[in-house]
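Here's the structure we're looking at; comments come further down.
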Amino acid sequence: MKSATKYVCPLCKSENIELKDYKIRDNKNDLRILKCKKCSMVFLSSFEHINQNFYKKGLMHSYSFNPQNWLNNSKEDDLRRFNLLKNEAKNKKVLDFGCGAGGFLLLMKNVCSIKGVESQESLEDFYKSNNLDVFSSIDEIKEKFDIITMFHVLEHLKEPEKIIEKLLNLLNEKGEIIIEVPNEDDILLSLYKCKPFADFTHWSCHLFCYNKKTLKKFFSKMNVKINYIKSIQRYGLANHLYWLIKGQKGGHLRWKYLNNYDFIYKKIPPLLNKSDTLIISISK
Ligand SMILES: [Zn+2]
């Protein structure tokens with residue numbers, strides 16, 4: 001086993017690093033999950049498996065990839081994000097970085113001017129047939145935007161500072177960047193200590209796993225203004241009980257009768273700072 005002492009925290013440069021005993025979902029045996037004991041940043045032991053072609057060729061997905069399935073899977077999140085931003089974005093120019101199948105774009109184009117950025121080549125025809133304006137690279141963009149969104153992308157980036165710098169350059173003076181990430185302090189990990197969930201949620205594409213503290217530290221170091229950090233709970237009681245009892249995902253689809261209690265249950269994790277999702281808003 002490799003010694004943990006050779007690793008350095010990418011956020012605070014501490015060498016006080018612990019090896020977590022979590023498995024990685026897609027089973028890359030040589031990868032380890034590391035946690036900085038000083039600042040609590042969680043990160044993978046190597047980023048070498050992610051190269052330029054990785055997202056271009058859609059290697060993040062399983063072989064049965066199709067855009068319609070992706071849209072169906074992201075429907076609830078697309079709608080939640082649309083409801084969060086529809087008033088603020090009205091008649092503004094919006095860019096969604098890492099727009100995936102474009103579900104958020106399809107909803108938002110009714111209220112604002114919206115474009116996307118997505119490197120996955122196989123989606124180009126899908127964008128064309130849905131009349132979506134999507135750049136294949138951030139470097140092609142020659143215009144500015146009022147709002148830039150980034151949903152579950154930051155944790156995939158090898159060099160997140162570089163991308164954020166580029167996005168800040170594409171932002172109008174009074175503009176705002178809104179970033180959503182999974183929370184490493186998710187109640188299933190930090191309170192319930194659910195090992196099957198830990199072994200599932202960590203995968204080779206999540207190079208960094210942020211919590212509220214490390215997210216704040218990351219953006220403070222970049223000298224941007226932090227407008228807010230919100231705690232959002234996507235999954236409810238059925239999902240959590242299923243993880244704890246059966247050790248498997250999908251409880252919200254199987255034990256639907258428990259969803260009636262979610263209006264109360266989903267309030268608890270954010271109150272404890274242990275929600276499954278974080279949203280941060282930053283400005284120049
Ligand atoms: Zn650290």
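We label chains A, B, ... in the order they appear in the structure tokens, count residues from 1 in each chain, and number ligands from 1 in the order shown.
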**Message:** Around ligand 1, out to 7 Å and counting only C-alpha atoms and all ligand atoms, which residues are there? I want them as a VMD selection string.
**Reply:** chain A and resid 9 to 14 36 to 41
Export, as a short mmCIF file (atom, residue, chain, number, x, y, z; two decimals), in the first residue's frame, the selected residues with N, CA and C atoms.
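Output below, filename result_13.cif:
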data_model
loop_
_atom_site.label_atom_id
_atom_site.label_comp_id
_atom_site.auth_asym_id
_atom_site.auth_seq_id
_atom_site.Cartn_x
_atom_site.Cartn_y
_atom_site.Cartn_z
N CYS A 9 -2.49 18.17 -0.31
CA CYS A 9 -3.85 18.67 -0.52
C CYS A 9 -3.84 19.74 -1.62
N PRO A 10 -4.68 19.57 -2.66
CA PRO A 10 -4.68 20.55 -3.75
C PRO A 10 -5.23 21.91 -3.31
N LEU A 11 -5.93 21.93 -2.19
CA LEU A 11 -6.56 23.18 -1.75
C LEU A 11 -5.70 23.96 -0.75
N CYS A 12 -5.18 23.27 0.27
CA CYS A 12 -4.44 24.00 1.32
C CYS A 12 -2.96 23.61 1.39
N LYS A 13 -2.55 22.66 0.52
CA LYS A 13 -1.14 22.23 0.42
C LYS A 13 -0.64 21.45 1.64
N SER A 14 -1.55 21.11 2.54
CA SER A 14 -1.14 20.31 3.70
C SER A 14 -0.72 18.91 3.23
N CYS A 36 -7.98 15.51 3.10
CA CYS A 36 -7.05 16.38 3.82
C CYS A 36 -7.54 16.54 5.26
N LYS A 37 -6.69 16.22 6.22
CA LYS A 37 -7.09 16.31 7.63
C LYS A 37 -7.16 17.75 8.10
N LYS A 38 -6.51 18.64 7.35
CA LYS A 38 -6.49 20.04 7.77
C LYS A 38 -7.74 20.80 7.28
N CYS A 39 -8.03 20.71 5.97
CA CYS A 39 -9.14 21.53 5.43
C CYS A 39 -10.36 20.71 5.05
N SER A 40 -10.30 19.40 5.11
CA SER A 40 -11.38 18.44 4.81
C SER A 40 -11.65 18.24 3.32
N MET A 41 -10.77 18.72 2.46
CA MET A 41 -10.91 18.48 1.02
C MET A 41 -10.76 16.99 0.71
#
Could you make a table, as CSV, of the residues of stretch 51-150 of chain A that have an atom within 12 Å of an atom of stretch 183-204 of chain A, each with its nearest atom pair and distance in Å to one decimal, counting only C-alpha atoms, in chain and number order?
residue,atom,partner,partner_atom,distance
A:Phe54,CA,A:Ser204,CA,11.7
A:Leu59,CA,A:Ser204,CA,11.3
A:Met60,CA,A:Ser204,CA,9.2
A:His61,CA,A:Ser204,CA,11.9
**Message:** From a backbone DSSP assignment, name each residue in stretch 66-268 of chain A labelled strand (DSSP E), as a PyMOL selection string.
**Reply:** chain A and resi 93-97+113-117+134-135+145-151+171-182+208-209+225-232
**Members of stretch 46-172 of chain A assigned helix (DSSP H, G or I) by DSSP, as number ranges by chain** = A: 52-56, 67-85, 103-108, 121-129, 138-140, 154-156, 160-169
Selection near A:Met222, 12 Å with only C-alpha atoms, sequence-local residues under 4 positions removed, as a compact mmCIF listing (two decimals) with C-alpha atoms, in the first residue's frame:
# COMPACT_ATOMS: atom_id res chain seq x y z
CA LEU A 11 -6.56 23.18 -1.75
CA PRO A 160 -11.07 24.01 -11.89
CA GLU A 161 -9.34 27.40 -11.33
CA LYS A 162 -8.51 27.69 -15.04
CA ILE A 163 -12.11 27.08 -16.11
CA ILE A 164 -13.52 29.46 -13.50
CA GLU A 165 -11.06 32.16 -14.68
CA LEU A 168 -15.25 35.03 -15.18
CA LEU A 215 -16.18 25.15 -1.61
CA LYS A 216 -15.95 28.42 0.28
CA LYS A 217 -12.18 28.10 0.65
CA PHE A 218 -11.73 27.29 -3.05
CA ILE A 226 -19.37 34.80 -2.76
CA ILE A 282 -20.18 34.02 -7.17
CA SER A 283 -19.50 37.38 -8.86
CA LYS A 284 -16.40 39.33 -9.92
**For stretch 133-136 of chain A: contacts at 8 Å, only C-alpha atoms, fewer than 2 positions along chain excluded, given as an MDAnalysis selection string** = chainID A and resid 114:121 127:128 131 138 140:141
Please write the residues from the selection above to a file, keeping C-alpha atoms, as a PDB file, in the first residue's frame.
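Result file is again05.pdb:
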ATOM      1  CA  ILE A 114     -29.503  30.741 -23.452  1.00  0.00           C
ATOM      2  CA  LYS A 115     -26.530  28.905 -24.934  1.00  0.00           C
ATOM      3  CA  GLY A 116     -24.610  25.870 -23.735  1.00  0.00           C
ATOM      4  CA  VAL A 117     -21.111  24.445 -23.705  1.00  0.00           C
ATOM      5  CA  GLU A 118     -20.620  20.702 -24.040  1.00  0.00           C
ATOM      6  CA  SER A 119     -17.592  18.800 -25.261  1.00  0.00           C
ATOM      7  CA  GLN A 120     -19.339  15.477 -25.970  1.00  0.00           C
ATOM      8  CA  GLU A 121     -19.316  15.136 -29.777  1.00  0.00           C
ATOM      9  CA  TYR A 127     -28.699  19.791 -30.280  1.00  0.00           C
ATOM     10  CA  LYS A 128     -29.366  20.590 -33.941  1.00  0.00           C
ATOM     11  CA  ASN A 131     -32.634  23.926 -32.008  1.00  0.00           C
ATOM     12  CA  ILE A 138     -15.274  27.400 -23.962  1.00  0.00           C
ATOM     13  CA  GLU A 140     -14.906  29.345 -29.077  1.00  0.00           C
ATOM     14  CA  ILE A 141     -16.995  31.880 -27.157  1.00  0.00           C
TER      15      ILE A 141
END
**Request:** List the neighbours of A:Ala101 out to 10 Å using only C-alpha atoms; skip same-chain residues closer than 4 positions along the sequence, and give me the result as JSON, numbers by chain.
**Result:** {"A": [66, 67, 68, 69, 70, 71, 72, 74, 105, 106, 118, 120, 123, 124, 126, 127]}
With C-alpha atoms retained, write the just-selected residues as a tab-separated table (two decimals), in the first residue's frame.
chain	number	residue	atom	x	y	z
A	66	ASN	CA	-28.67	7.98	-25.49
A	67	PRO	CA	-29.63	11.64	-25.08
A	68	GLN	CA	-33.32	10.95	-24.48
A	69	ASN	CA	-32.50	8.73	-21.47
A	70	TRP	CA	-30.21	11.43	-20.15
A	71	LEU	CA	-33.01	13.99	-20.50
A	72	ASN	CA	-35.48	11.73	-18.69
A	74	SER	CA	-32.25	14.81	-15.41
A	105	LEU	CA	-31.61	24.88	-21.98
A	106	LEU	CA	-34.92	23.53	-23.34
A	118	GLU	CA	-20.62	20.70	-24.04
A	120	GLN	CA	-19.34	15.48	-25.97
A	123	LEU	CA	-24.65	15.15	-28.84
A	124	GLU	CA	-24.21	17.57	-31.79
A	126	PHE	CA	-29.33	16.07	-30.90
A	127	TYR	CA	-28.70	19.79	-30.28
**Message:** as an NGL selection string, please: the residues near A:Leu19 (cut-off 8 Å, only C-alpha atoms, same-chain neighbours under 4 positions excluded).
**Reply:** :A and (4 or 32-35)
